[in-house]
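Engineer: Structure below; questions to follow.
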Amino acid sequence: MYLVTLSFFVACQKQVKVTSVTTEAIPVDASADAVQDLNYVAELQPIKEALEAEMNVQIGYAAEDLWVAEPECPMLNWASDALWEAAKKAYPGPVDIAIVNMGGMRCSWKKGPITRGHVFELMPFDNALVVLTLKGEDVLALCESFARYGGQGVAGMRVTIIDNQVADVQIGGKALNTKALYKVATSNYLAGGADHMDALTKYVDYWNSDLLIRDLYLEAVQTQDTLRAAVDGRMTFKP
């Protein structure tokens, strides 16, 4: 009886084909205040005030604007340098270069006080510092992806791209050796090949620090106190 009933049920099913979809954007702004739960708002208010107080604490000062633009900018340079320095302290060995992505820079910083909130806005993700051991040929492939997609943040290296082709790569003041191995500090997110960085997945060794990059940036701002960063030609595109 079960098989007969099931067969009848399946036979009666009609194929449904979606021919159109209509969507409506519902703004989440002050226009929704009229329907808010005031008791819930009151209950959350102490938490909101405590969080705002913590986020508004000044931890450093930007001596100039740290703006964001490709292929190179002060914010990318500051972030990659900060990650590189943190990696050299955490990793039990030398670290040759650091890589951060343009897409990970979620804001710029104006000249003036830098608060904890500024750092959380820059790095809202729980990405962790990792150090990859990468073959030189894969570092070159990584630079070729920079050439195709407009550049990324680098520290410890200088990349020159002419007519969308990699013309020169210097690491530690020396030409890239495609037969050598290099230690590359980056995020666990990029180590998975995100932002067209497939070359990072070719690592021969993977070291996870379990340190959140956001925490490392917080420490860097506090340690430096006065932040300075500028475009210095580490990622150069020429026609």
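In the structure tokens, chains take the letters A, B, ... in the order shown, each chain's residues start at 1, and ligands count up from 1 in the order shown.
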Please provide as number ranges by chain all residues within 7 Å of A:Ala191, with the sequence filter that same-chain residues fewer than 3 positions apart are discarded (counting only C-alpha atoms).
Structural biologist: A: 187-188, 200-201
Engineer: Quick one: residues within 10 Å of stretch 143-145 of chain A, only C-alpha atoms counted, chain neighbours fewer than 3 positions away excluded, as an mmCIF file with N, CA and C atoms, in the first residue's frame?
Structural biologist:
data_model
loop_
_atom_site.group_PDB
_atom_site.id
_atom_site.type_symbol
_atom_site.label_atom_id
_atom_site.label_comp_id
_atom_site.auth_asym_id
_atom_site.auth_seq_id
_atom_site.Cartn_x
_atom_site.Cartn_y
_atom_site.Cartn_z
ATOM 1 N N GLU A 137 58.785 30.316 -7.338
ATOM 2 C CA GLU A 137 57.972 30.323 -8.560
ATOM 3 C C GLU A 137 56.520 30.664 -8.253
ATOM 4 N N ASP A 138 56.066 30.292 -7.053
ATOM 5 C CA ASP A 138 54.694 30.621 -6.666
ATOM 6 C C ASP A 138 54.581 32.065 -6.181
ATOM 7 N N VAL A 139 55.656 32.600 -5.614
ATOM 8 C CA VAL A 139 55.678 34.031 -5.305
ATOM 9 C C VAL A 139 55.575 34.832 -6.597
ATOM 10 N N LEU A 140 56.271 34.388 -7.629
ATOM 11 C CA LEU A 140 56.179 35.048 -8.925
ATOM 12 C C LEU A 140 54.762 34.952 -9.474
ATOM 13 N N ARG A 148 47.471 41.331 -12.935
ATOM 14 C CA ARG A 148 46.176 41.174 -13.601
ATOM 15 C C ARG A 148 45.062 41.924 -12.902
ATOM 16 N N TYR A 149 45.145 42.027 -11.572
ATOM 17 C CA TYR A 149 44.003 42.539 -10.819
ATOM 18 C C TYR A 149 44.267 43.853 -10.092
ATOM 19 N N GLY A 150 45.385 44.524 -10.365
ATOM 20 C CA GLY A 150 45.542 45.886 -9.872
ATOM 21 C C GLY A 150 46.386 46.098 -8.648
ATOM 22 N N GLY A 151 47.059 45.056 -8.158
ATOM 23 C CA GLY A 151 47.953 45.232 -7.020
ATOM 24 C C GLY A 151 47.312 44.886 -5.693
ATOM 25 N N GLN A 152 48.161 44.616 -4.688
ATOM 26 C CA GLN A 152 47.729 44.327 -3.326
ATOM 27 C C GLN A 152 48.767 44.922 -2.384
ATOM 28 N N VAL A 159 57.613 45.305 -6.175
ATOM 29 C CA VAL A 159 57.132 44.687 -7.406
ATOM 30 C C VAL A 159 56.959 45.778 -8.461
ATOM 31 N N THR A 160 57.575 45.577 -9.612
ATOM 32 C CA THR A 160 57.424 46.512 -10.738
ATOM 33 C C THR A 160 56.689 45.799 -11.866
ATOM 34 N N ILE A 161 55.611 46.406 -12.307
ATOM 35 C CA ILE A 161 54.783 45.833 -13.355
ATOM 36 C C ILE A 161 54.727 46.814 -14.516
ATOM 37 N N ASN A 164 51.191 45.636 -17.654
ATOM 38 C CA ASN A 164 50.452 44.523 -17.038
ATOM 39 C C ASN A 164 51.248 43.216 -16.975
ATOM 40 N N GLN A 165 52.576 43.325 -17.057
ATOM 41 C CA GLN A 165 53.446 42.162 -16.937
ATOM 42 C C GLN A 165 54.458 42.408 -15.820
ATOM 43 N N VAL A 166 54.777 41.373 -15.057
ATOM 44 C CA VAL A 166 55.763 41.506 -13.989
ATOM 45 C C VAL A 166 57.138 41.711 -14.600
ATOM 46 N N ALA A 167 57.742 42.843 -14.312
ATOM 47 C CA ALA A 167 59.064 43.167 -14.860
ATOM 48 C C ALA A 167 60.171 42.905 -13.850
ATOM 49 N N ASP A 168 59.863 43.078 -12.557
ATOM 50 C CA ASP A 168 60.913 42.911 -11.541
ATOM 51 C C ASP A 168 60.274 42.665 -10.189
ATOM 52 N N VAL A 169 60.864 41.751 -9.419
ATOM 53 C CA VAL A 169 60.437 41.486 -8.045
ATOM 54 C C VAL A 169 61.680 41.436 -7.177
ATOM 55 N N ASP A 195 40.616 36.470 -3.183
ATOM 56 C CA ASP A 195 41.064 37.664 -3.924
ATOM 57 C C ASP A 195 42.080 37.314 -5.019
ATOM 58 N N HIS A 196 41.812 36.240 -5.706
ATOM 59 C CA HIS A 196 42.626 35.807 -6.851
ATOM 60 C C HIS A 196 44.047 35.386 -6.450
ATOM 61 N N MET A 197 44.262 35.103 -5.168
ATOM 62 C CA MET A 197 45.604 34.715 -4.717
ATOM 63 C C MET A 197 45.733 33.198 -4.630
ATOM 64 N N ASP A 198 45.390 32.523 -5.718
ATOM 65 C CA ASP A 198 45.477 31.067 -5.762
ATOM 66 C C ASP A 198 46.887 30.566 -5.474
ATOM 67 N N ALA A 199 47.892 31.369 -5.816
ATOM 68 C CA ALA A 199 49.282 30.941 -5.616
ATOM 69 C C ALA A 199 49.581 30.676 -4.139
ATOM 70 N N MET A 235 54.866 48.915 -4.912
ATOM 71 C CA MET A 235 53.984 48.277 -5.887
ATOM 72 C C MET A 235 53.796 49.267 -7.033
#
Engineer: Leaving out A:Ala155 and any residue of its chain fewer than 6 positions from it, which residues lie within 8 Å of it when counting only C-alpha atoms, given as a PyMOL selection string?
Structural biologist: chain A and resi 77+80-81+84+97-99+234
Engineer: Enumerate the residues of stretch 20-220 of chain A with a DSSP assignment of alpha helix (DSSP H), computed from the backbone, and present them as a compact mmCIF listing (two decimals) with N, CA and C atoms, in the first residue's frame.
Structural biologist:
# COMPACT_ATOMS: atom_id res chain seq x y z
N LEU A 38 10.61 49.22 22.47
CA LEU A 38 11.26 50.17 23.38
C LEU A 38 11.81 49.50 24.62
N ASN A 39 11.13 48.46 25.10
CA ASN A 39 11.64 47.74 26.28
C ASN A 39 12.97 47.05 25.96
N TYR A 40 13.05 46.50 24.75
CA TYR A 40 14.28 45.83 24.33
C TYR A 40 15.40 46.85 24.14
N VAL A 41 15.04 48.01 23.56
CA VAL A 41 16.01 49.09 23.38
C VAL A 41 16.57 49.53 24.73
N ALA A 42 15.69 49.69 25.70
CA ALA A 42 16.12 50.12 27.04
C ALA A 42 17.03 49.09 27.69
N GLU A 43 16.73 47.82 27.45
CA GLU A 43 17.54 46.75 28.03
C GLU A 43 18.94 46.72 27.43
N LEU A 44 19.03 47.05 26.13
CA LEU A 44 20.33 47.03 25.44
C LEU A 44 21.14 48.30 25.65
N GLN A 45 20.51 49.38 26.11
CA GLN A 45 21.18 50.67 26.20
C GLN A 45 22.47 50.64 27.02
N PRO A 46 22.49 50.00 28.20
CA PRO A 46 23.76 49.95 28.97
C PRO A 46 24.88 49.25 28.21
N ILE A 47 24.52 48.18 27.48
CA ILE A 47 25.53 47.45 26.70
C ILE A 47 26.06 48.35 25.59
N LYS A 48 25.15 49.06 24.92
CA LYS A 48 25.52 49.97 23.84
C LYS A 48 26.46 51.06 24.34
N GLU A 49 26.14 51.64 25.49
CA GLU A 49 26.95 52.71 26.04
C GLU A 49 28.34 52.21 26.44
N ALA A 50 28.39 51.01 27.03
CA ALA A 50 29.69 50.44 27.44
C ALA A 50 30.56 50.14 26.22
N LEU A 51 29.92 49.61 25.16
CA LEU A 51 30.67 49.29 23.94
C LEU A 51 31.18 50.56 23.27
N GLU A 52 30.34 51.59 23.20
CA GLU A 52 30.76 52.85 22.59
C GLU A 52 31.90 53.48 23.37
N ALA A 53 31.84 53.39 24.69
CA ALA A 53 32.90 53.94 25.53
C ALA A 53 34.22 53.24 25.26
N GLU A 54 34.17 51.91 25.08
CA GLU A 54 35.39 51.15 24.80
C GLU A 54 35.94 51.47 23.41
N MET A 55 35.03 51.56 22.42
CA MET A 55 35.46 51.80 21.05
C MET A 55 35.99 53.22 20.85
N PRO A 74 48.85 54.56 1.36
CA PRO A 74 49.37 54.56 2.73
C PRO A 74 48.73 53.52 3.63
N MET A 75 47.41 53.31 3.52
CA MET A 75 46.76 52.35 4.41
C MET A 75 47.23 50.92 4.14
N LEU A 76 47.33 50.55 2.85
CA LEU A 76 47.85 49.22 2.52
C LEU A 76 49.28 49.04 3.03
N ASN A 77 50.09 50.08 2.85
CA ASN A 77 51.48 49.98 3.29
C ASN A 77 51.59 49.87 4.81
N TRP A 78 50.76 50.67 5.50
CA TRP A 78 50.80 50.59 6.97
C TRP A 78 50.36 49.21 7.43
N ALA A 79 49.26 48.70 6.86
CA ALA A 79 48.72 47.41 7.29
C ALA A 79 49.68 46.27 6.99
N SER A 80 50.30 46.28 5.82
CA SER A 80 51.24 45.20 5.47
C SER A 80 52.50 45.28 6.32
N ASP A 81 52.99 46.49 6.58
CA ASP A 81 54.16 46.65 7.45
C ASP A 81 53.86 46.17 8.87
N ALA A 82 52.68 46.54 9.38
CA ALA A 82 52.29 46.15 10.74
C ALA A 82 52.18 44.63 10.85
N LEU A 83 51.61 44.00 9.81
CA LEU A 83 51.49 42.54 9.83
C LEU A 83 52.85 41.88 9.75
N TRP A 84 53.73 42.43 8.93
CA TRP A 84 55.08 41.88 8.79
C TRP A 84 55.84 41.94 10.11
N GLU A 85 55.79 43.10 10.77
CA GLU A 85 56.49 43.25 12.04
C GLU A 85 55.93 42.30 13.10
N ALA A 86 54.60 42.16 13.13
CA ALA A 86 53.98 41.25 14.09
C ALA A 86 54.38 39.81 13.81
N ALA A 87 54.44 39.44 12.53
CA ALA A 87 54.82 38.08 12.16
C ALA A 87 56.25 37.78 12.56
N LYS A 88 57.14 38.74 12.40
CA LYS A 88 58.55 38.53 12.76
C LYS A 88 58.72 38.33 14.26
N LYS A 89 57.81 38.88 15.04
CA LYS A 89 57.86 38.68 16.50
C LYS A 89 57.25 37.34 16.89
N ALA A 90 56.21 36.92 16.18
CA ALA A 90 55.48 35.72 16.58
C ALA A 90 56.07 34.43 16.01
N ARG A 116 40.05 52.70 19.16
CA ARG A 116 39.85 51.26 18.99
C ARG A 116 38.80 50.99 17.92
N GLY A 117 37.79 51.84 17.88
CA GLY A 117 36.74 51.68 16.89
C GLY A 117 37.25 51.80 15.46
N HIS A 118 38.23 52.68 15.25
CA HIS A 118 38.82 52.81 13.92
C HIS A 118 39.45 51.49 13.47
N VAL A 119 40.11 50.80 14.38
CA VAL A 119 40.77 49.54 14.04
C VAL A 119 39.73 48.45 13.75
N PHE A 120 38.66 48.42 14.56
CA PHE A 120 37.60 47.44 14.31
C PHE A 120 36.91 47.72 12.97
N GLU A 121 36.79 48.99 12.61
CA GLU A 121 36.19 49.32 11.32
C GLU A 121 37.10 48.89 10.17
N LEU A 122 38.40 49.08 10.34
CA LEU A 122 39.36 48.66 9.31
C LEU A 122 39.36 47.15 9.15
N GLY A 136 59.63 30.09 -4.68
CA GLY A 136 59.82 31.34 -5.41
C GLY A 136 58.97 31.43 -6.66
N GLU A 137 58.79 30.32 -7.34
CA GLU A 137 57.97 30.32 -8.56
C GLU A 137 56.52 30.66 -8.25
N ASP A 138 56.07 30.29 -7.05
CA ASP A 138 54.69 30.62 -6.67
C ASP A 138 54.58 32.07 -6.18
N VAL A 139 55.66 32.60 -5.61
CA VAL A 139 55.68 34.03 -5.31
C VAL A 139 55.58 34.83 -6.60
N LEU A 140 56.27 34.39 -7.63
CA LEU A 140 56.18 35.05 -8.92
C LEU A 140 54.76 34.95 -9.47
N ALA A 141 54.13 33.79 -9.35
CA ALA A 141 52.75 33.63 -9.80
C ALA A 141 51.82 34.56 -9.03
N LEU A 142 52.11 34.75 -7.75
CA LEU A 142 51.33 35.68 -6.94
C LEU A 142 51.45 37.10 -7.49
N CYS A 143 52.66 37.49 -7.82
CA CYS A 143 52.89 38.83 -8.38
C CYS A 143 52.20 38.98 -9.74
N GLU A 144 52.14 37.91 -10.48
CA GLU A 144 51.44 37.95 -11.77
C GLU A 144 49.95 38.19 -11.58
N SER A 145 49.40 37.67 -10.48
CA SER A 145 47.99 37.95 -10.17
C SER A 145 47.81 39.41 -9.79
N PHE A 146 48.82 40.00 -9.11
CA PHE A 146 48.76 41.43 -8.81
C PHE A 146 48.69 42.23 -10.11
N ALA A 147 49.48 41.81 -11.09
CA ALA A 147 49.51 42.51 -12.37
C ALA A 147 48.15 42.46 -13.06
N ARG A 148 47.47 41.33 -12.93
CA ARG A 148 46.18 41.17 -13.60
C ARG A 148 45.06 41.92 -12.90
N TYR A 149 45.15 42.03 -11.57
CA TYR A 149 44.00 42.54 -10.82
C TYR A 149 44.27 43.85 -10.09
N ILE A 213 44.42 39.19 13.45
CA ILE A 213 45.11 40.33 12.84
C ILE A 213 44.59 41.64 13.41
N ARG A 214 43.33 41.71 13.71
CA ARG A 214 42.79 42.93 14.32
C ARG A 214 43.50 43.26 15.63
N ASP A 215 43.77 42.24 16.44
CA ASP A 215 44.49 42.47 17.71
C ASP A 215 45.91 42.94 17.44
N LEU A 216 46.52 42.40 16.40
CA LEU A 216 47.89 42.81 16.05
C LEU A 216 47.90 44.26 15.58
N TYR A 217 46.87 44.68 14.85
CA TYR A 217 46.77 46.08 14.43
C TYR A 217 46.54 47.00 15.63
N LEU A 218 45.71 46.57 16.56
CA LEU A 218 45.50 47.36 17.79
C LEU A 218 46.82 47.57 18.52
N GLU A 219 47.59 46.49 18.64
CA GLU A 219 48.88 46.58 19.31
C GLU A 219 49.84 47.49 18.55
N ALA A 220 49.81 47.40 17.21
CA ALA A 220 50.70 48.22 16.40
C ALA A 220 50.39 49.71 16.56
Engineer: From the options A:Ser209, A:Gln36, A:Asn101, A:Gln170, which residue's atoms come nearest to A:Glu70, counting only C-alpha atoms?
Structural biologist: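 Smallest separation from A:Glu70 among the options: A:Asn101.
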Engineer: Determine, counting only C-alpha atoms, which protein, DNA and RNA residues have an atom within 10 Å of an atom of A:Leu132; residues of the same chain fewer than 2 positions away are not included. Present the result as a PDB file with C-alpha atoms, in the first residue's frame.
Structural biologist:
ATOM      1  CA  VAL A  95      59.757  36.128   7.725  1.00  0.00           C
ATOM      2  CA  ALA A  98      53.869  40.065   4.167  1.00  0.00           C
ATOM      3  CA  LEU A 129      47.950  35.608  11.060  1.00  0.00           C
ATOM      4  CA  VAL A 130      49.545  32.665   9.270  1.00  0.00           C
ATOM      5  CA  LEU A 134      56.144  29.343  -0.564  1.00  0.00           C
ATOM      6  CA  LYS A 135      58.312  28.418  -3.529  1.00  0.00           C
ATOM      7  CA  LEU A 181      61.733  29.127  -0.506  1.00  0.00           C
ATOM      8  CA  TYR A 182      60.194  32.220   1.103  1.00  0.00           C
ATOM      9  CA  LYS A 183      58.283  32.768   4.328  1.00  0.00           C
ATOM     10  CA  VAL A 184      55.125  34.747   3.636  1.00  0.00           C
ATOM     11  CA  ALA A 185      53.026  36.340   6.392  1.00  0.00           C
ATOM     12  CA  THR A 186      49.369  36.754   5.495  1.00  0.00           C
ATOM     13  CA  SER A 187      45.872  35.928   6.737  1.00  0.00           C
ATOM     14  CA  ASN A 188      44.238  32.515   6.925  1.00  0.00           C
ATOM     15  CA  ALA A 191      45.902  31.478   2.416  1.00  0.00           C
ATOM     16  CA  LEU A 200      49.120  31.134  -1.820  1.00  0.00           C
ATOM     17  CA  THR A 201      47.392  27.746  -1.707  1.00  0.00           C
ATOM     18  CA  LYS A 202      50.552  26.136  -3.137  1.00  0.00           C
ATOM     19  CA  TYR A 203      52.395  26.466   0.188  1.00  0.00           C
ATOM     20  CA  VAL A 204      54.762  23.699   1.274  1.00  0.00           C
ATOM     21  CA  ASP A 205      54.300  24.558   4.943  1.00  0.00           C
ATOM     22  CA  TYR A 206      51.551  26.339   6.899  1.00  0.00           C
ATOM     23  CA  TRP A 207      52.071  27.893  10.334  1.00  0.00           C
ATOM     24  CA  ASN A 208      49.016  29.202  12.179  1.00  0.00           C
TER      25      ASN A 208
END
Engineer: Which residue out of A:Val131, A:Ala63, A:Ala69, A:Leu211 has the minimum interatomic distance to A:Gly93 when only C-alpha atoms are used?
Structural biologist: A:Val131
Engineer: Using only C-alpha atoms, pick whichever of A:Ala128, A:Val68, A:Leu190, A:Ala32 has the shortest atom-to-atom distance to A:Arg106.
Structural biologist: A:Val68
Engineer: Separation of atom CA of A:Ile114 and atom CA of A:Gly153, in Å?
Structural biologist: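 Straight-line distance from atom CA of A:Ile114 to atom CA of A:Gly153 works out to 21.0 Å.
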Engineer: Mind giving me the straight-line distance from atom CA of A:Gly156 to atom CA of A:Gly172 in Å, one decimal?
Structural biologist: 6.0 Å
Engineer: Do you have the atom CA of A:Cys107-atom CA of A:Ala62 distance handy?
Structural biologist: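 Between these atoms lies a distance of 13.9 Å.
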